[in-house]
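entry.pdb (PDB, C-alpha atoms and all ligand atoms)
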ATOM      1  CA  MET A   1      19.594  11.714  13.000
ATOM      2  CA  PRO A   2      19.976  11.923  16.782
ATOM      3  CA  ASP A   3      23.260  13.281  18.046
ATOM      4  CA  GLU A   4      24.816  10.591  20.250
ATOM      5  CA  ASN A   5      26.620  13.235  22.299
ATOM      6  CA  PHE A   6      23.546  15.317  22.890
ATOM      7  CA  HIS A   7      22.349  15.459  26.484
ATOM      8  CA  LEU A   8      19.246  17.141  27.761
ATOM      9  CA  PRO A   9      19.659  19.710  30.543
ATOM     10  CA  GLN A  10      19.684  17.909  33.886
ATOM     11  CA  ARG A  11      16.292  18.647  35.302
ATOM     12  CA  GLY A  12      14.016  16.403  37.336
ATOM     13  CA  PHE A  13      11.059  14.772  35.637
ATOM     14  CA  GLY A  14       8.302  17.365  35.286
ATOM     15  CA  ASN A  15      10.410  20.243  36.645
ATOM     16  CA  THR A  16      10.261  23.446  34.658
ATOM     17  CA  GLN A  17      10.705  27.164  34.851
ATOM     18  CA  ARG A  18       7.748  27.696  32.576
ATOM     19  CA  THR A  19       5.018  29.758  34.178
ATOM     20  CA  ASP A  20       2.311  29.166  31.561
ATOM     21  CA  LYS A  21      -0.254  26.352  31.794
ATOM     22  CA  TRP A  22       1.781  24.067  29.511
ATOM     23  CA  TRP A  23      -0.019  20.952  30.772
ATOM     24  CA  ILE A  24      -3.439  21.991  29.409
ATOM     25  CA  GLN A  25      -2.715  21.042  25.801
ATOM     26  CA  PRO A  26      -1.493  17.486  26.521
ATOM     27  CA  LEU A  27      -4.396  17.017  28.924
ATOM     28  CA  VAL A  28      -6.924  18.042  26.255
ATOM     29  CA  VAL A  29      -5.198  15.760  23.720
ATOM     30  CA  PHE A  30      -5.355  12.893  26.215
ATOM     31  CA  CYS A  31      -9.071  13.423  26.889
ATOM     32  CA  VAL A  32     -10.128  13.834  23.243
ATOM     33  CA  LEU A  33      -8.059  10.912  21.915
ATOM     34  CA  SER A  34      -9.132   8.658  24.785
ATOM     35  CA  GLY A  35     -12.780   9.581  24.285
ATOM     36  CA  PHE A  36     -12.553   8.974  20.548
ATOM     37  CA  GLY A  37     -10.711   5.688  21.047
ATOM     38  CA  VAL A  38     -13.348   4.389  23.463
ATOM     39  CA  TYR A  39     -16.242   5.462  21.244
ATOM     40  CA  ALA A  40     -14.672   4.152  17.996
ATOM     41  CA  THR A  41     -13.853   0.796  19.613
ATOM     42  CA  TRP A  42     -17.387   0.454  20.953
ATOM     43  CA  ALA A  43     -18.896   1.479  17.601
ATOM     44  CA  ALA A  44     -16.629  -0.912  15.698
ATOM     45  CA  PHE A  45     -17.447  -3.914  17.869
ATOM     46  CA  GLN A  46     -21.113  -3.051  18.163
ATOM     47  CA  GLY A  47     -21.687  -4.244  14.585
ATOM     48  CA  GLU A  48     -25.225  -2.824  14.301
ATOM     49  CA  HIS A  49     -26.981   0.385  13.307
ATOM     50  CA  TYR A  50     -24.206   1.442  10.943
ATOM     51  CA  PHE A  51     -26.514   1.795   7.944
ATOM     52  CA  SER A  52     -29.663   3.921   7.914
ATOM     53  CA  HIS A  53     -32.147   3.251   5.111
ATOM     54  CA  ALA A  54     -35.575   2.928   6.761
ATOM     55  CA  ASN A  55     -36.987   6.087   5.127
ATOM     56  CA  GLY A  56     -35.368   5.752   1.717
ATOM     57  CA  GLU A  57     -32.031   7.303   2.658
ATOM     58  CA  HIS A  58     -28.655   5.686   2.020
ATOM     59  CA  TYR A  59     -26.487   6.719   4.941
ATOM     60  CA  LEU A  60     -23.564   4.459   5.787
ATOM     61  CA  SER A  61     -21.364   5.148   8.810
ATOM     62  CA  PRO A  62     -17.773   6.008   7.783
ATOM     63  CA  PHE A  63     -16.510   3.528  10.392
ATOM     64  CA  TYR A  64     -18.011   0.761   8.243
ATOM     65  CA  SER A  65     -17.155   1.992   4.770
ATOM     66  CA  PRO A  66     -16.271   0.328   2.466
ATOM     67  CA  LEU A  67     -18.560  -2.364   3.827
ATOM     68  CA  LEU A  68     -16.892  -5.571   2.698
ATOM     69  CA  TYR A  69     -19.092  -7.897   4.752
ATOM     70  CA  GLY A  70     -22.398  -6.571   6.052
ATOM     71  CA  GLU A  71     -25.790  -7.541   7.360
ATOM     72  CA  ALA A  72     -28.723  -8.335   5.055
ATOM     73  CA  GLY A  73     -30.081  -5.196   3.380
ATOM     74  CA  SER A  74     -26.842  -3.243   3.803
ATOM     75  CA  PRO A  75     -24.673  -2.156   0.831
ATOM     76  CA  TYR A  76     -21.946  -4.777   1.342
ATOM     77  CA  TRP A  77     -19.276  -5.332  -1.326
ATOM     78  CA  ILE A  78     -18.310  -8.991  -0.923
ATOM     79  CA  GLY A  79     -20.776 -10.932   1.192
ATOM     80  CA  GLU A  80     -23.274 -11.148   3.981
ATOM     81  CA  GLY A  81     -22.530 -11.897   7.597
ATOM     82  CA  VAL A  82     -19.216 -13.278   8.840
ATOM     83  CA  PRO A  83     -16.617 -14.311   6.207
ATOM     84  CA  GLY A  84     -15.880 -18.059   6.202
ATOM     85  CA  TRP A  85     -12.144 -17.540   6.760
ATOM     86  CA  TRP A  86     -12.658 -15.528   9.958
ATOM     87  CA  PRO A  87     -11.421 -17.453  13.058
ATOM     88  CA  SER A  88     -14.488 -18.624  14.994
ATOM     89  CA  PHE A  89     -12.967 -17.769  18.387
ATOM     90  CA  LEU A  90     -12.707 -14.068  17.465
ATOM     91  CA  PRO A  91     -15.709 -11.738  17.513
ATOM     92  CA  PHE A  92     -16.326 -10.254  14.077
ATOM     93  CA  SER A  93     -17.415  -6.786  13.086
ATOM     94  CA  PRO A  94     -17.297  -5.358   9.533
ATOM     95  CA  ALA A  95     -15.634  -2.230  10.921
ATOM     96  CA  MET A  96     -12.560  -4.060  12.165
ATOM     97  CA  LEU A  97     -11.285  -4.673   8.640
ATOM     98  CA  ILE A  98     -11.712  -1.035   7.788
ATOM     99  CA  LEU A  99     -10.421   0.827  10.811
ATOM    100  CA  ILE A 100      -6.986  -0.684  10.214
ATOM    101  CA  GLY A 101      -6.338   1.761   7.324
ATOM    102  CA  PRO A 102      -7.537   5.083   8.768
ATOM    103  CA  GLY A 103      -6.564   3.977  12.270
ATOM    104  CA  LEU A 104      -2.956   3.339  11.222
ATOM    105  CA  MET A 105      -2.906   6.618   9.314
ATOM    106  CA  ARG A 106      -3.740   8.529  12.475
ATOM    107  CA  PHE A 107      -1.579   6.435  14.775
ATOM    108  CA  THR A 108       1.537   6.981  12.658
ATOM    109  CA  CYS A 109       0.766  10.571  11.577
ATOM    110  CA  TYR A 110       3.694  12.908  12.239
ATOM    111  CA  TYR A 111       1.456  15.433  13.942
ATOM    112  CA  TYR A 112      -0.390  12.940  16.159
ATOM    113  CA  ARG A 113       2.885  11.330  17.189
ATOM    114  CA  GLY A 114       4.093  14.647  18.585
ATOM    115  CA  ALA A 115       0.768  15.098  20.349
ATOM    116  CA  TYR A 116       0.230  11.664  21.875
ATOM    117  CA  TYR A 117       3.863  11.091  22.855
ATOM    118  CA  LYS A 118       3.412  14.067  25.168
ATOM    119  CA  ALA A 119      -0.139  13.303  26.240
ATOM    120  CA  PHE A 120       0.046   9.548  26.864
ATOM    121  CA  TRP A 121       3.560   8.673  27.942
ATOM    122  CA  MET A 122       5.002  12.120  28.656
ATOM    123  CA  ASP A 123       8.186  11.548  26.674
ATOM    124  CA  PRO A 124       8.809  14.361  26.050
ATOM    125  CA  VAL A 125       6.590  15.994  28.627
ATOM    126  CA  SER A 126       6.581  19.369  26.891
ATOM    127  CA  CYS A 127       9.091  21.956  25.686
ATOM    128  CA  GLY A 128      11.305  23.090  28.538
ATOM    129  CA  VAL A 129       9.897  20.539  31.016
ATOM    130  CA  GLY A 130      12.051  17.877  32.703
ATOM    131  CA  GLU A 131      12.291  14.585  30.793
ATOM    132  CA  PRO A 132      11.591  11.146  32.266
ATOM    133  CA  ARG A 133      15.030   9.956  31.067
ATOM    134  CA  LYS A 134      18.376  11.500  30.289
ATOM    135  CA  GLY A 135      19.121  10.501  26.683
ATOM    136  CA  TYR A 136      17.296  10.929  23.405
ATOM    137  CA  ARG A 137      16.956   7.902  21.137
ATOM    138  CA  GLY A 138      14.474   9.220  18.605
ATOM    139  CA  GLU A 139      12.527   6.684  16.570
ATOM    140  CA  ASN A 140      15.499   4.705  15.324
ATOM    141  CA  SER A 141      14.866   1.457  17.135
ATOM    142  CA  PHE A 142      12.024  -0.973  17.753
ATOM    143  CA  PRO A 143       9.177  -0.386  18.378
ATOM    144  CA  LEU A 144       8.994   3.272  17.318
ATOM    145  CA  ILE A 145      10.890   2.653  14.094
ATOM    146  CA  MET A 146       7.674   0.960  12.933
ATOM    147  CA  GLN A 147       6.163   4.438  12.663
ATOM    148  CA  ASN A 148       7.973   4.680   9.311
ATOM    149  CA  VAL A 149       5.154   2.655   7.831
ATOM    150  CA  HIS A 150       3.276   5.949   7.621
ATOM    151  CA  ARG A 151       4.604   6.731   4.141
ATOM    152  CA  TYR A 152       2.885   3.602   2.825
ATOM    153  CA  VAL A 153      -0.354   3.995   4.800
ATOM    154  CA  PHE A 154      -1.091   7.217   2.931
ATOM    155  CA  TYR A 155      -2.129   5.331  -0.222
ATOM    156  CA  PRO A 156      -4.885   3.148   1.292
ATOM    157  CA  ALA A 157      -6.056   6.122   3.357
ATOM    158  CA  ALA A 158      -6.428   8.173   0.154
ATOM    159  CA  ALA A 159      -8.497   5.331  -1.350
ATOM    160  CA  PHE A 160     -10.757   5.392   1.735
ATOM    161  CA  VAL A 161     -11.428   9.095   1.125
ATOM    162  CA  MET A 162     -12.579   8.282  -2.425
ATOM    163  CA  VAL A 163     -14.944   5.638  -1.070
ATOM    164  CA  LEU A 164     -16.343   8.107   1.460
ATOM    165  CA  LEU A 165     -16.913  10.660  -1.298
ATOM    166  CA  TYR A 166     -18.893   8.000  -3.138
ATOM    167  CA  ASP A 167     -20.927   7.405   0.041
ATOM    168  CA  GLY A 168     -21.559  11.148   0.146
ATOM    169  CA  TYR A 169     -22.826  10.997  -3.430
ATOM    170  CA  LYS A 170     -25.083   8.028  -2.608
ATOM    171  CA  SER A 171     -26.501   9.980   0.328
ATOM    172  CA  LEU A 172     -27.951  12.480  -2.158
ATOM    173  CA  TRP A 173     -30.380   9.906  -3.534
ATOM    174  CA  PHE A 174     -33.553   8.848  -1.747
ATOM    175  CA  LEU A 175     -35.995   6.060  -2.546
ATOM    176  CA  ASP A 176     -39.718   6.834  -2.492
ATOM    177  CA  ASP A 177     -42.468   4.348  -1.536
ATOM    178  CA  GLN A 178     -42.415   2.853  -5.047
ATOM    179  CA  GLY A 179     -38.684   2.301  -4.901
ATOM    180  CA  VAL A 180     -37.925   5.145  -7.339
ATOM    181  CA  SER A 181     -34.757   7.099  -6.649
ATOM    182  CA  HIS A 182     -34.923  10.904  -6.295
ATOM    183  CA  PHE A 183     -32.197  13.471  -5.897
ATOM    184  CA  GLY A 184     -32.343  15.358  -2.614
ATOM    185  CA  ILE A 185     -30.366  16.776   0.286
ATOM    186  CA  GLY A 186     -30.802  15.691   3.862
ATOM    187  CA  VAL A 187     -28.960  16.683   7.001
ATOM    188  CA  GLY A 188     -27.346  13.255   6.746
ATOM    189  CA  SER A 189     -26.119  14.049   3.221
ATOM    190  CA  VAL A 190     -24.429  17.209   4.495
ATOM    191  CA  VAL A 191     -22.920  15.320   7.424
ATOM    192  CA  LEU A 192     -21.546  12.528   5.197
ATOM    193  CA  ILE A 193     -20.201  14.845   2.483
ATOM    194  CA  MET A 194     -18.576  17.136   5.047
ATOM    195  CA  ASN A 195     -16.997  14.071   6.607
ATOM    196  CA  ALA A 196     -15.420  13.012   3.303
ATOM    197  CA  LEU A 197     -14.167  16.554   2.620
ATOM    198  CA  LEU A 198     -12.662  16.969   6.079
ATOM    199  CA  LEU A 199     -10.968  13.578   5.899
ATOM    200  CA  GLY A 200      -9.726  14.539   2.431
ATOM    201  CA  GLY A 201      -8.284  17.768   3.841
ATOM    202  CA  TYR A 202      -6.501  15.793   6.527
ATOM    203  CA  THR A 203      -5.296  12.964   4.283
ATOM    204  CA  PHE A 204      -4.119  15.067   1.338
ATOM    205  CA  GLY A 205      -2.357  17.485   3.662
ATOM    206  CA  CYS A 206      -0.195  14.619   4.905
ATOM    207  CA  HIS A 207       3.548  15.275   4.887
ATOM    208  CA  CYS A 208       4.017  12.090   2.852
ATOM    209  CA  ALA A 209       1.551  13.328   0.234
ATOM    210  CA  ARG A 210       3.506  16.572   0.014
ATOM    211  CA  HIS A 211       6.704  14.639  -0.495
ATOM    212  CA  GLN A 212       5.171  12.416  -3.157
ATOM    213  CA  ILE A 213       3.519  15.210  -5.058
ATOM    214  CA  GLY A 214       6.711  17.169  -5.515
ATOM    215  CA  GLY A 215       8.631  17.588  -2.285
ATOM    216  CA  TYR A 216      11.214  15.031  -3.358
ATOM    217  CA  LEU A 217      12.198  17.127  -6.391
ATOM    218  CA  ASN A 218      14.833  19.854  -6.273
ATOM    219  CA  SER A 219      12.812  22.106  -8.512
ATOM    220  CA  LEU A 220       9.260  22.258  -9.828
ATOM    221  CA  ARG A 221      10.164  24.653 -12.615
ATOM    222  CA  GLY A 222       8.623  23.600 -15.923
ATOM    223  CA  ARG A 223       6.032  21.370 -14.209
ATOM    224  CA  PRO A 224       2.951  23.609 -13.923
ATOM    225  CA  ILE A 225       0.419  20.917 -12.948
ATOM    226  CA  ARG A 226       2.655  19.330 -10.368
ATOM    227  CA  SER A 227       3.516  22.761  -9.062
ATOM    228  CA  LYS A 228      -0.188  23.605  -8.631
ATOM    229  CA  CYS A 229      -0.834  20.296  -6.841
ATOM    230  CA  TYR A 230       2.178  20.888  -4.630
ATOM    231  CA  GLY A 231       0.832  24.335  -3.736
ATOM    232  CA  CYS A 232      -2.582  22.853  -2.805
ATOM    233  CA  VAL A 233      -1.096  20.076  -0.704
ATOM    234  CA  SER A 234       1.251  22.568   0.977
ATOM    235  CA  ALA A 235      -1.712  24.803   1.860
ATOM    236  CA  LEU A 236      -3.495  21.836   3.466
ATOM    237  CA  ASN A 237      -0.272  20.736   5.119
ATOM    238  CA  SER A 238       0.242  24.116   6.793
ATOM    239  CA  ARG A 239      -3.018  23.508   8.701
ATOM    240  CA  HIS A 240      -2.533  19.786   9.179
ATOM    241  CA  MET A 241      -3.141  19.938  12.916
ATOM    242  CA  TYR A 242      -6.517  21.628  12.463
ATOM    243  CA  TRP A 243      -7.607  19.178   9.778
ATOM    244  CA  ALA A 244      -6.519  16.345  12.053
ATOM    245  CA  TRP A 245      -8.724  17.415  14.955
ATOM    246  CA  VAL A 246     -11.766  18.622  13.045
ATOM    247  CA  SER A 247     -11.881  15.497  10.870
ATOM    248  CA  LEU A 248     -11.425  13.252  13.921
ATOM    249  CA  VAL A 249     -14.339  14.801  15.802
ATOM    250  CA  TRP A 250     -16.512  14.950  12.689
ATOM    251  CA  VAL A 251     -16.038  11.315  11.746
ATOM    252  CA  GLY A 252     -17.165  10.314  15.244
ATOM    253  CA  LEU A 253     -20.204  12.592  15.018
ATOM    254  CA  THR A 254     -21.037  11.194  11.576
ATOM    255  CA  ASP A 255     -21.147   7.661  12.946
ATOM    256  CA  LEU A 256     -23.272   8.897  15.837
ATOM    257  CA  TYR A 257     -25.712  10.633  13.480
ATOM    258  CA  VAL A 258     -26.187   7.527  11.312
ATOM    259  CA  ARG A 259     -26.499   5.360  14.411
ATOM    260  CA  LEU A 260     -29.143   7.526  16.108
ATOM    261  CA  LEU A 261     -31.088   7.803  12.853
ATOM    262  CA  SER A 262     -30.969   4.073  12.257
ATOM    263  CA  MET A 263     -32.143   3.434  15.829
ATOM    264  CA  GLY A 264     -35.062   5.813  15.337
ATOM    265  CA  TYR A 265     -33.995   8.335  17.977
ATOM    266  CA  ILE A 266     -33.811  11.259  15.523
ATOM    267  CA  THR A 267     -35.439  12.260  12.249
ATOM    268  CA  ASP A 268     -33.539  13.313   9.154
ATOM    269  CA  LEU A 269     -34.636  16.676   7.747
ATOM    270  CA  ARG A 270     -34.430  16.643   3.947
ATOM    271  CA  ILE A 271     -35.738  18.016   0.710
ATOM    272  CA  THR A 272     -36.132  15.851  -2.367
ATOM    273  CA  PHE A 273     -36.807  16.841  -5.972
TER     274      PHE A 273
HETATM  275  S1  LIG B 301       1.640  13.398   8.535
HETATM  276 FE1  LIG B 301      -0.348  13.394   9.383
HETATM  277  S2  LIG B 301      -1.401  12.090   8.063
HETATM  278 FE2  LIG B 301       0.616  12.020   7.265
END
Could you write out this file's structure as structure tokens?
Amino acid sequence: MPDENFHLPQRGFGNTQRTDKWWIQPLVVFCVLSGFGVYATWAAFQGEHYFSHANGEHYLSPFYSPLLYGEAGSPYWIGEGVPGWWPSFLPFSPAMLILIGPGLMRFTCYYYRGAYYKAFWMDPVSCGVGEPRKGYRGENSFPLIMQNVHRYVFYPAAAFVMVLLYDGYKSLWFLDDQGVSHFGIGVGSVVLIMNALLLGGYTFGCHCARHQIGGYLNSLRGRPIRSKCYGCVSALNSRHMYWAWVSLVWVGLTDLYVRLLSMGYITDLRITF
């Protein structure tokens, strides 16, 4: 709870006695998040080359999974093309329905909030650096109070990880010329499975997951399974920032890999049995 009587030291916006290069970290955060946002938006609206299957592989971009509505020949769940209920004046892409879950997870993540508040609107600028305003209101009023939705976004995000693991499993099976499925491992399989594992590390290290798994209890004594799970989630949680960045970069690279393969710009190295 913010202290109503608390006042920040009176210091002009951006003024500081810090001598280190404190501005590098927010600048890097700004560049990486902006770059990812531009690429993910382009990839989501592009609506093509999200599924590679020309040489018997089954590689689906994570931006489009689960594929509820897809193009002919893609592994869609519900139907082909544009759903009938979609407003005709809006452009449609299968990825738009999906990015809402993982996108909200990242946008409301406790770690990312700390990072992008500094990087994008400089409030706060950084520790020990002059604030743009004199009081501190926290996240207790609109619109930032909406960030509390994070505790509920965890559940759909966890379901997305399960779907991506299934995609990773599907990527281990390749069709030959007769349409017979063979087990194998391709570079794409490694990329897709790594993507699911990294996103799992990020998602299950969420502070909300830690709370749900046992953090809300006063004691875990006499609950060995829950205690083990709590220990695992806590271990992931202690490195949440690293999981956040590595999984973010990897999911973008995974989409890029599937896209380039589907467009015929690269070849997938693989062994099949
Ligand atoms: S706190 Fe980062 S995903 Fe929940």
Taking the file as I've supplied it (selection: the PyMOL selection byres (((chain A and resi 81) around 10) and not hetatm)), which residues are included? Please answer as a count of residues only. 15
Output the neighbourhood of ligand LIG 301 (chain B) as a list in words, that is, all protein and nucleic acid residues with some atom at most 6 Å from the ligand, counting all atoms listed in the file. Met105, Cys109, Tyr110, Tyr111, Thr203, Cys206, His207 and Cys208 of chain A
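Minimum distance to Pro102 in chain A across A:Ile193, A:Cys232, A:Ile145, A:Val161 (counting all atoms listed in the file) occurs at A:Val161.
For the atom pair formed by CA of Gly37 in chain A and CA of Pro156 in chain A, the distance is 20.8 Å, given to one decimal.
For the choices A:Trp250, A:Ser141, A:Arg259, A:Ala209, the atom-to-atom distance to Tyr155 in chain A is smallest for A:Ala209 when using all atoms listed in the file.
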Kindly provide the residues of range 64-169 of chain A that approach range 175-190 of chain A to within 12 Å, each paired with its closest atom pair and their distance in Å to one decimal, based on all atoms listed in the file, listed by chain and increasing number, as JSON lines.
{"residue": "A:Leu164", "atom": "CA", "partner": "A:Ser189", "partner_atom": "CA", "distance": 11.6}
{"residue": "A:Leu165", "atom": "CA", "partner": "A:Ser189", "partner_atom": "CA", "distance": 10.8}
{"residue": "A:Tyr166", "atom": "CA", "partner": "A:Ser189", "partner_atom": "CA", "distance": 11.4}
{"residue": "A:Asp167", "atom": "CA", "partner": "A:Ser189", "partner_atom": "CA", "distance": 9.0}
{"residue": "A:Gly168", "atom": "CA", "partner": "A:Ser189", "partner_atom": "CA", "distance": 6.2}
{"residue": "A:Tyr169", "atom": "CA", "partner": "A:Ser189", "partner_atom": "CA", "distance": 8.0}
Separation of CA of Leu199 in chain A from CA of Trp173 in chain A in Å: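 If I compute the distance from CA of Trp173 in chain A to CA of Leu199 in chain A, I get 21.9 Å.
Using all atoms listed in the file, the nearest neighbour of Trp23 in chain A within the list A:Leu104, A:Val129, A:Leu67, A:Val38 is A:Val129.
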With distances taken over only C-alpha atoms, which residue among A:Phe63, A:Tyr257, A:Tyr202, A:Trp121 lies nearest Gln46 in chain A? A:Phe63
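Among the candidates A:Tyr112, A:Phe154, A:Phe120, A:Phe174, the residue lying nearest to Trp243 in chain A is A:Tyr112 (atoms considered: only C-alpha atoms).
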Apply the PyMOL selection byres (((chain A and resi 98) around 8) and not hetatm) to the file shown and report the selected residues as a list in words.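 Applying the PyMOL selection byres (((chain A and resi 98) around 8) and not hetatm) to the structure shown produces Phe63, Tyr64, Ser65, Pro66, Pro94, Ala95, Met96, Leu97, Leu99, Ile100, Gly101 and Pro102 of chain A.
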Matched chain/residue IDs from the PyMOL selection byres (((chain A and resi 233-237) around 10) and not hetatm), as a PyMOL selection string: chain A and resi 200-211+213-215+227-232+238-243
Output file for the selection above: C-alpha atoms, as a PDB file, in the coordinates of the input:
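Result went into part.pdb, see below:
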ATOM      1  CA  GLY A 200      -9.726  14.539   2.431  1.00  0.00           C
ATOM      2  CA  GLY A 201      -8.284  17.768   3.841  1.00  0.00           C
ATOM      3  CA  TYR A 202      -6.501  15.793   6.527  1.00  0.00           C
ATOM      4  CA  THR A 203      -5.296  12.964   4.283  1.00  0.00           C
ATOM      5  CA  PHE A 204      -4.119  15.067   1.338  1.00  0.00           C
ATOM      6  CA  GLY A 205      -2.357  17.485   3.662  1.00  0.00           C
ATOM      7  CA  CYS A 206      -0.195  14.619   4.905  1.00  0.00           C
ATOM      8  CA  HIS A 207       3.548  15.275   4.887  1.00  0.00           C
ATOM      9  CA  CYS A 208       4.017  12.090   2.852  1.00  0.00           C
ATOM     10  CA  ALA A 209       1.551  13.328   0.234  1.00  0.00           C
ATOM     11  CA  ARG A 210       3.506  16.572   0.014  1.00  0.00           C
ATOM     12  CA  HIS A 211       6.704  14.639  -0.495  1.00  0.00           C
ATOM     13  CA  ILE A 213       3.519  15.210  -5.058  1.00  0.00           C
ATOM     14  CA  GLY A 214       6.711  17.169  -5.515  1.00  0.00           C
ATOM     15  CA  GLY A 215       8.631  17.588  -2.285  1.00  0.00           C
ATOM     16  CA  SER A 227       3.516  22.761  -9.062  1.00  0.00           C
ATOM     17  CA  LYS A 228      -0.188  23.605  -8.631  1.00  0.00           C
ATOM     18  CA  CYS A 229      -0.834  20.296  -6.841  1.00  0.00           C
ATOM     19  CA  TYR A 230       2.178  20.888  -4.630  1.00  0.00           C
ATOM     20  CA  GLY A 231       0.832  24.335  -3.736  1.00  0.00           C
ATOM     21  CA  CYS A 232      -2.582  22.853  -2.805  1.00  0.00           C
ATOM     22  CA  SER A 238       0.242  24.116   6.793  1.00  0.00           C
ATOM     23  CA  ARG A 239      -3.018  23.508   8.701  1.00  0.00           C
ATOM     24  CA  HIS A 240      -2.533  19.786   9.179  1.00  0.00           C
ATOM     25  CA  MET A 241      -3.141  19.938  12.916  1.00  0.00           C
ATOM     26  CA  TYR A 242      -6.517  21.628  12.463  1.00  0.00           C
ATOM     27  CA  TRP A 243      -7.607  19.178   9.778  1.00  0.00           C
TER      28      TRP A 243
END
